[in-house]
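Only one structure is covered here, and it is reproduced in the block below.
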There are 2 protein chains.
Amino acid sequence: MKKNVLVAQSGGPSSAINATLAGVVEQALMNGEKVDKVYGARHGIKGVLEDWIIDIGTPLSAPAALTGLIHTPSSALGSCRFKMKSPADDPACYKTIFERLRQYNIGYFVYIGGNDSMDTVNRLSVYAAENGIKDIFIMGAPKTIDNDLFGMDHSPGFASAAKYIATSFAEIWCDARVYDYPTITIVETMGRHVGWLCAASAVARAAGDAPHLIYLPEVAFDKQKFIEDVQEKMKTNTAVVIAISEGIHWADGTYVCEDASNVKVDAFGHKQMSGAAKVLEGILGDVIDCKIRCVDFSLMQRCAGHLASSVDLFESRTLGSISLAKALEGVSGHVSVLNRVSDNPYRVAYSSVPATTIANKEKAVPREWINKRGNDVTEDLVRYVTPLLGGVFGSDLSAGYPKHVTLW
Amino acid sequence: MKKNVLVAQSGGPSSAINATLAGVVEQALMNGEKVDKVYGARHGIKGVLEDWIIDIGTPLSAPAALTGLIHTPSSALGSCRFKMKSPADDPACYKTIFERLRQYNIGYFVYIGGNDSMDTVNRLSVYAAENGIKDIFIMGAPKTIDNDLFGMDHSPGFASAAKYIATSFAEIWCDARVYDYPTITIVETMGRHVGWLCAASAVARAAGDAPHLIYLPEVAFDKQKFIEDVQEKMKTNTAVVIAISEGIHWADGTYVCEDASNVKVDAFGHKQMSGAAKVLEGILGDVIDCKIRCVDFSLMQRCAGHLASSVDLFESRTLGSISLAKALEGVSGHVSVLNRVSDNPYRVAYSSVPATTIANKEKAVPREWINKRGNDVTEDLVRYVTPLLGGVFGSDLSAGYPKHVTLW
């Protein structure tokens with residue numbers, strides 16, 4: 001008997017998360033003998049609880065719609081931030097979810113998300129096993145721009161954000177250097193706990209001198225060393241460009257952006273914090289007399305779909321496809337992953353691992369990929385990120401003639 | 001006898017200003033009988049004064065270099081902000097400039113810049129005429145992302161910045177709408193005195209609902225009306241996206257970003273102002289209890305060369321080419337301009353006007369292109385901006401087959 005597929009998206013959106021969704025739908029279309037309908041839950045697992053279920057298989061069986069979805073940034077099904085409790089603490093939640101899956105005759109559920117969502121995949125599959133539910137298979141498909149997921153070489157969505165960051169640093173370098181007087185430009189990237197995104201700025205050095213300094217949350221931020229670093233760079237550079245993670249913190253663990261003088265509280269008690277870059281602007285403004293600018297890549301770094309990495313879109317789509325393929329084979333509680341086989345040529349292999357490998361953990365930038373002083377990254381980091389950014393779509397004419405692929 | 005060409009760039013950089021530079025060089029290459037060398041002055045007229053003159057004709061006679069230059073954002077020759085005094089107030093400045101032009105055997109000087117630079121073009125050509133200098137021809141080529149230049153339909157550089165803004169609003173809309181709870185996103189664009197860039201955000205409505213509200217410096221900003229506007233939009237939209245110009249100001253003329261509580265002064269007495277968006281975040285945070293985010297397009301809106309408008313690059317290059325062509329014909333003290341012949345199909349005609357038409361004036365968004373309440377723009381504005389954004393380069397396959405150009 002045919003079963004239906006359910007798919008949902010969770011966590012912070014990315015430029016590649018819809019490619020993963022497209023991959024799931026594509027795999028469903030390829031399995032018409034086993035799969036009847038493809039449903040989507042709006043706003044992640046919350047949409048399963050609330051019955052916000054829509055038919056997405058019908059509209060997306062149009063090739064132009066599926067292709068268009070791949071190039072549409074952010075979660076087309078909407079997202080949620082929902083941390084599941086254990087079945088003992090919230091039995092009604094589990095009961096409602098599995099009743100909903102029965103209601104829509106779901107045999108295969110693919111949840112696209114980060115480490116919290118993979119915790120959900122794990123909890124639901126364990127619950128199913130412990131409650132004798134043998135005809136519903138639950139798979140995770142990974143995504144997060146932060147690149148903090150264990151069990152895989154890199155996280156889908158990271159490469160597109162990294163490409164935005166590298167491209168923007170190359171462009172900001174062109175802009176920053178036009179004047180003949182000294183300037184400092186402090187550019188803030190996302191990355192609260194891990195510095196992968198900020199580290200990707202180093203790739204821009206292939207197209208210019210920026211960034212001159214890179215500060216990640218993996219190393220405690222030292223005010224005096226920072227001032228010395230900037231003064232040193234200003235000796236040899238008219239325009240100094242600095243890359244920082246939003247999550248840089250002092251030695252005591254408090255975030256730089258939480259600097260007391262920088263926090264306002266609104267009428268509802270919410271903290272209104274300016275970013276870490278603004279705090280550093282203040283620090284430098286007290287000791288260096290030159291123009292200082294702050295740039296925050298803000299939402300653009302995760303939603304600039306027009307600049308998505310072709311590698312990222314390809315891999316994300318493949319991982320979505322594999323997640324459903326595994327579920328159709330009877331695998332449950334796993335997450336599809338990719339691992340790097342070689343750097344040059346860049347090649348990967350796909351597989352799946354138990355969701356527990358990934359759930360609730362964060363992978364930081366290795367300390368050995370950050371220089372000793374903690375103000376830059378190493379060549380190993382650049383070698384790791386560069387192949388992920390992807391080239392142009394379609395025929396590669398960068399040499400002036402087509403680089404066709406030969407297989408023998 | 002052959003003469004040499006000098007070209008320089010001034011004012012804030014844009015994604016198209018190097019296309020204009022390329023156009024000047026291209027025209028020089030086409031006139032080998034009249035032109036010997038092509039020199040560039042680094043950092044604008046300041047580089048002429050300081051003798052920062054470099055040979056650019058030799059490296060740019062390589063087609064790949066010239067083509068690459070067109071797609072390189074920001075002023076490749078560097079820029080300056082230099083307001084010329086009158087010959088009576090600063091005779092040495094004029095003397096040095098014309099000595100320098102003689103030193104390099106310059107017959108044709110093209111200055112690429114905004115309204116200040118066109119003032120320089122005017123002053124230098126008047127000085128030449130008054131001092132019997134009949135063998136040096138000085139032309140302006142226009143640029144400014146602000147779109148505030150008189151005498152032409154739109155300013156080269158504006159269209160690329162507008163394309164960045166429209167694209168980013170379309171993408172931010174995808175991002176802003178993923179959650180099921182209310183959010184407000186305030187997006188700040190450049191535009192201190194005129195609101196053209198912010199107004200261009202309205203084009204994004206072709207790809208989504210954002211922005212819901214648009215505030216320009218052409219209309220005094222009213223705090224109470226603003227709060228009412230946002231509350232009204234929140235009745236029917238979960239995610240409200242607001243576009244503001246950095247230059248919005250209160251009825252008394254003070255900028256919103258200069259709000260007293262928002263200004264810190266550094267050790268050197270420089271004001272460190274957060275943006276207008278941050279001030280509005282504070283205002284809304286006191287009366288509306290929901291997540292409020294600020295986004296500032298910052299430098300990216302003027303240097304995102306990867307997203308430059310093909311229309312802008314074509315027109316900017318043509319204007320550079322025309323400026324030198326006119327100088328070669330013996331015109332001096334003029335600026336090349338373009339004017340719109342029709343909207344659909346979008347067509348322009350090129351000519352030149354005296355630099356005095358443009359110098360030291362600012363063209364604002366017409367009041368009739370802003371709605372009565374001052375919180376949106378009209379369809380006329382959207383009709384004006386849309387054709388400037390340009391489509392894809394190369395063959396237009398958007399219909400699924402090539403749209404070839406036929407001439408008869």
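Residue numbering restarts at 1 in every chain; chains get A, B, ... in the order shown in the structure tokens, and ligands count up from 1 in that same order.
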Expected answer as a ChimeraX atom specification: chain B residues within 9 Å of chain A, only C-alpha atoms: /B:12-14,42-43,72-81,167-168,171-172,174-180,264-268,270,272,274,278,281-289,291,294-300,302-307
Residue neighbourhood Asp259 (chain B), 10 Å, only C-alpha atoms, exclusion window fewer than 4 positions, as a ChimeraX atom specification: /B:249-250,254-255,263,273-276,279
Spatial neighbours of Ser310 (chain B), 12 Å, only C-alpha atoms, chain gap at least 4 places, as a list in words: Ser15, Ala16, Ala19, Ile70, His71, Pro156, Gly157, Ala159, Ser160, Ala161, Lys163, Gly305, His306, Phe314, Glu315, Ser316, Arg317, Pro387, Leu388, Leu389, Gly390, Gly391, Val392, Phe393 and Gly394 of chain B
Restricting it to N, CA and C atoms, dump the selection as a PDB file, in the first residue's frame.
```pdb
ATOM      1  N   SER B  15      29.289  50.774  -8.277  1.00  0.00           N
ATOM      2  CA  SER B  15      29.602  49.543  -9.014  1.00  0.00           C
ATOM      3  C   SER B  15      29.807  49.803 -10.500  1.00  0.00           C
ATOM      4  N   ALA B  16      29.484  51.011 -10.974  1.00  0.00           N
ATOM      5  CA  ALA B  16      29.542  51.279 -12.411  1.00  0.00           C
ATOM      6  C   ALA B  16      30.604  52.309 -12.768  1.00  0.00           C
ATOM      7  N   ALA B  19      33.164  51.201 -15.176  1.00  0.00           N
ATOM      8  CA  ALA B  19      32.670  51.029 -16.552  1.00  0.00           C
ATOM      9  C   ALA B  19      32.840  52.351 -17.304  1.00  0.00           C
ATOM     10  N   ILE B  70      35.438  46.741 -16.173  1.00  0.00           N
ATOM     11  CA  ILE B  70      34.007  47.066 -16.202  1.00  0.00           C
ATOM     12  C   ILE B  70      33.273  46.378 -15.059  1.00  0.00           C
ATOM     13  N   HIS B  71      33.728  45.173 -14.707  1.00  0.00           N
ATOM     14  CA  HIS B  71      33.042  44.396 -13.670  1.00  0.00           C
ATOM     15  C   HIS B  71      33.707  44.513 -12.297  1.00  0.00           C
ATOM     16  N   PRO B 156      24.368  57.483 -13.564  1.00  0.00           N
ATOM     17  CA  PRO B 156      25.098  56.218 -13.640  1.00  0.00           C
ATOM     18  C   PRO B 156      25.573  55.787 -12.253  1.00  0.00           C
ATOM     19  N   GLY B 157      25.410  54.509 -11.957  1.00  0.00           N
ATOM     20  CA  GLY B 157      25.741  53.994 -10.628  1.00  0.00           C
ATOM     21  C   GLY B 157      24.493  53.775  -9.791  1.00  0.00           C
ATOM     22  N   ALA B 159      21.529  52.696 -10.816  1.00  0.00           N
ATOM     23  CA  ALA B 159      20.780  51.495 -11.188  1.00  0.00           C
ATOM     24  C   ALA B 159      21.351  50.243 -10.520  1.00  0.00           C
ATOM     25  N   SER B 160      22.680  50.164 -10.412  1.00  0.00           N
ATOM     26  CA  SER B 160      23.279  48.979  -9.775  1.00  0.00           C
ATOM     27  C   SER B 160      22.966  48.948  -8.283  1.00  0.00           C
ATOM     28  N   ALA B 161      23.041  50.096  -7.636  1.00  0.00           N
ATOM     29  CA  ALA B 161      22.694  50.161  -6.217  1.00  0.00           C
ATOM     30  C   ALA B 161      21.206  49.833  -6.034  1.00  0.00           C
ATOM     31  N   LYS B 163      19.440  47.961  -7.942  1.00  0.00           N
ATOM     32  CA  LYS B 163      19.276  46.512  -8.169  1.00  0.00           C
ATOM     33  C   LYS B 163      19.659  45.725  -6.922  1.00  0.00           C
ATOM     34  N   GLY B 305      29.515  44.618  -6.873  1.00  0.00           N
ATOM     35  CA  GLY B 305      29.720  44.535  -8.322  1.00  0.00           C
ATOM     36  C   GLY B 305      29.172  43.269  -8.931  1.00  0.00           C
ATOM     37  N   HIS B 306      29.112  42.190  -8.152  1.00  0.00           N
ATOM     38  CA  HIS B 306      28.606  40.925  -8.707  1.00  0.00           C
ATOM     39  C   HIS B 306      27.133  41.044  -9.097  1.00  0.00           C
ATOM     40  N   PHE B 314      26.326  49.256 -19.145  1.00  0.00           N
ATOM     41  CA  PHE B 314      26.323  49.669 -20.554  1.00  0.00           C
ATOM     42  C   PHE B 314      26.270  51.189 -20.676  1.00  0.00           C
ATOM     43  N   GLU B 315      25.335  51.786 -19.944  1.00  0.00           N
ATOM     44  CA  GLU B 315      25.171  53.247 -20.034  1.00  0.00           C
ATOM     45  C   GLU B 315      26.391  53.993 -19.488  1.00  0.00           C
ATOM     46  N   SER B 316      26.933  53.502 -18.381  1.00  0.00           N
ATOM     47  CA  SER B 316      28.079  54.186 -17.760  1.00  0.00           C
ATOM     48  C   SER B 316      29.278  54.160 -18.694  1.00  0.00           C
ATOM     49  N   ARG B 317      29.474  53.017 -19.316  1.00  0.00           N
ATOM     50  CA  ARG B 317      30.573  52.875 -20.274  1.00  0.00           C
ATOM     51  C   ARG B 317      30.376  53.813 -21.461  1.00  0.00           C
ATOM     52  N   PRO B 387      13.024  49.489 -15.306  1.00  0.00           N
ATOM     53  CA  PRO B 387      13.843  49.148 -16.483  1.00  0.00           C
ATOM     54  C   PRO B 387      15.336  49.364 -16.292  1.00  0.00           C
ATOM     55  N   LEU B 388      15.713  50.097 -15.236  1.00  0.00           N
ATOM     56  CA  LEU B 388      17.139  50.384 -15.031  1.00  0.00           C
ATOM     57  C   LEU B 388      17.904  49.192 -14.468  1.00  0.00           C
ATOM     58  N   LEU B 389      17.176  48.253 -13.856  1.00  0.00           N
ATOM     59  CA  LEU B 389      17.862  47.191 -13.119  1.00  0.00           C
ATOM     60  C   LEU B 389      18.571  46.204 -14.038  1.00  0.00           C
ATOM     61  N   GLY B 390      18.104  46.104 -15.284  1.00  0.00           N
ATOM     62  CA  GLY B 390      18.813  45.255 -16.239  1.00  0.00           C
ATOM     63  C   GLY B 390      18.519  43.792 -16.010  1.00  0.00           C
ATOM     64  N   GLY B 391      18.540  43.039 -17.045  1.00  0.00           N
ATOM     65  CA  GLY B 391      18.289  41.607 -16.918  1.00  0.00           C
ATOM     66  C   GLY B 391      19.597  40.861 -16.860  1.00  0.00           C
ATOM     67  N   VAL B 392      19.588  39.652 -17.407  1.00  0.00           N
ATOM     68  CA  VAL B 392      20.806  38.844 -17.426  1.00  0.00           C
ATOM     69  C   VAL B 392      21.705  39.309 -18.561  1.00  0.00           C
ATOM     70  N   PHE B 393      22.994  39.050 -18.419  1.00  0.00           N
ATOM     71  CA  PHE B 393      23.923  39.321 -19.502  1.00  0.00           C
ATOM     72  C   PHE B 393      23.743  38.263 -20.592  1.00  0.00           C
ATOM     73  N   GLY B 394      24.163  38.603 -21.773  1.00  0.00           N
ATOM     74  CA  GLY B 394      24.170  37.621 -22.855  1.00  0.00           C
ATOM     75  C   GLY B 394      22.779  37.351 -23.381  1.00  0.00           C
TER      76      GLY B 394
END
```
In region 217-343 of chain B, DSSP alpha helix (DSSP H) residues written as a PyMOL selection string: chain B and resi 223-234+276-285+300-303+310-328
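Residues in contact with Val5 (chain B) at up to 6 Å, not including ones fewer than 3 positions away on its chain and judged by only C-alpha atoms, are Val38, Tyr39, Ile106, Tyr108 and Phe109 of chain B.
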Residue contacts of region 126-140 of chain B (8 Å, only C-alpha atoms) excluding same-chain residues fewer than 5 positions away, as a list in words: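 Result of the neighbour search: Pro87, Tyr94, Ile106, Gly107, Tyr108, Phe109, Val110, Tyr111, Ile112, Gly113, Ser117, Met118, Val121, Ser323, Leu324, Lys326, Ala327, Leu328, Gly330, Val331, Ser332, Gly333, His334, Val335, Ser336 and Ala355 of chain B.
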Those residues you just picked out, can you put them in a file as a PDB file, in the first residue's frame with C-alpha atoms?
```pdb
ATOM      1  CA  PRO B  87      40.758  81.045  -8.822  1.00  0.00           C
ATOM      2  CA  TYR B  94      44.682  76.310 -10.708  1.00  0.00           C
ATOM      3  CA  ILE B 106      47.326  66.457 -21.713  1.00  0.00           C
ATOM      4  CA  GLY B 107      44.901  67.651 -24.383  1.00  0.00           C
ATOM      5  CA  TYR B 108      41.798  65.989 -22.967  1.00  0.00           C
ATOM      6  CA  PHE B 109      40.824  65.632 -19.325  1.00  0.00           C
ATOM      7  CA  VAL B 110      37.754  63.611 -18.308  1.00  0.00           C
ATOM      8  CA  TYR B 111      36.611  63.881 -14.692  1.00  0.00           C
ATOM      9  CA  ILE B 112      34.168  61.204 -13.509  1.00  0.00           C
ATOM     10  CA  GLY B 113      32.102  62.213 -10.502  1.00  0.00           C
ATOM     11  CA  SER B 117      33.158  67.084  -9.454  1.00  0.00           C
ATOM     12  CA  MET B 118      31.051  68.771 -12.122  1.00  0.00           C
ATOM     13  CA  VAL B 121      34.870  70.604 -14.471  1.00  0.00           C
ATOM     14  CA  SER B 323      32.787  62.359 -22.703  1.00  0.00           C
ATOM     15  CA  LEU B 324      36.133  61.760 -24.361  1.00  0.00           C
ATOM     16  CA  LYS B 326      33.173  65.299 -27.101  1.00  0.00           C
ATOM     17  CA  ALA B 327      36.534  66.518 -25.772  1.00  0.00           C
ATOM     18  CA  LEU B 328      38.171  65.200 -28.951  1.00  0.00           C
ATOM     19  CA  GLY B 330      36.707  70.356 -28.969  1.00  0.00           C
ATOM     20  CA  VAL B 331      33.893  70.568 -26.437  1.00  0.00           C
ATOM     21  CA  SER B 332      34.910  71.718 -22.950  1.00  0.00           C
ATOM     22  CA  GLY B 333      33.061  72.367 -19.694  1.00  0.00           C
ATOM     23  CA  HIS B 334      30.290  69.937 -20.571  1.00  0.00           C
ATOM     24  CA  VAL B 335      29.039  66.715 -19.006  1.00  0.00           C
ATOM     25  CA  SER B 336      27.784  63.729 -20.996  1.00  0.00           C
ATOM     26  CA  ALA B 355      28.536  71.378 -16.270  1.00  0.00           C
TER      27      ALA B 355
END
```
Among the residues B:Tyr104, B:Phe226, B:Phe82, B:Tyr346, the one that comes closest to Val311 (chain B) [using only C-alpha atoms]: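 That would be B:Tyr346, the residue with the smallest distance to Val311 (chain B).
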Test item: residues at most 6 Å from region 362-377 of chain B, only C-alpha atoms, excluding those fewer than 2 positions along its chain, as a VMD selection string: chain B and resid 148 to 150 194 213 to 215 381
Just to be explicit: take each residue in the selection above, keep N, CA, C and O atoms, and write the result as a short mmCIF file (atom, residue, chain, number, x, y, z; two decimals), in the first residue's frame.
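Listed below is the output, part-v7.cif:
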```
data_model
loop_
_atom_site.label_atom_id
_atom_site.label_comp_id
_atom_site.auth_asym_id
_atom_site.auth_seq_id
_atom_site.Cartn_x
_atom_site.Cartn_y
_atom_site.Cartn_z
N ASP B 148 20.99 61.90 -7.73
CA ASP B 148 20.55 63.26 -7.43
C ASP B 148 21.04 64.28 -8.46
O ASP B 148 20.95 65.49 -8.22
N LEU B 149 21.56 63.82 -9.61
CA LEU B 149 22.09 64.76 -10.59
C LEU B 149 21.00 65.32 -11.51
O LEU B 149 20.20 64.56 -12.07
N PHE B 150 20.99 66.61 -11.68
CA PHE B 150 20.11 67.25 -12.64
C PHE B 150 20.62 67.02 -14.06
O PHE B 150 21.74 66.55 -14.26
N VAL B 194 18.39 62.76 -0.50
CA VAL B 194 17.34 62.33 -1.44
C VAL B 194 17.07 60.84 -1.25
O VAL B 194 17.95 60.09 -0.84
N LEU B 213 6.32 49.49 4.16
CA LEU B 213 6.33 50.95 4.37
C LEU B 213 7.66 51.50 3.87
O LEU B 213 8.70 50.84 4.00
N ILE B 214 7.64 52.70 3.30
CA ILE B 214 8.84 53.33 2.76
C ILE B 214 8.89 54.79 3.21
O ILE B 214 7.94 55.54 2.98
N TYR B 215 10.00 55.17 3.85
CA TYR B 215 10.14 56.55 4.35
C TYR B 215 11.38 57.21 3.73
O TYR B 215 12.48 56.69 3.87
N LEU B 381 6.94 55.86 -9.71
CA LEU B 381 8.32 55.66 -9.26
C LEU B 381 8.81 54.27 -9.66
O LEU B 381 9.92 54.10 -10.16
#
```
Surrounding residues of Ala162 (chain A) excluding itself and chain neighbours under 3 positions, 8 Å, only C-alpha atoms, as a list in words: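 Close residues of Ala162 (chain A): Phe158, Ala159, Ile165, Ala166, Leu197, Ala200, Ser201, Gln301, Val385 and Leu389 of chain A.
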All strand (DSSP E or B) residues (DSSP, backbone) inside region 14-220 of chain B, as a VMD selection string: chain B and resid 35 to 41 53 to 55 106 to 113 137 to 142 183 to 189 213 to 215
Residue among A:Gly195, A:Thr318, A:Lys361, A:Thr189 lying closest to Gly114 (chain A), counting only C-alpha atoms: A:Lys361
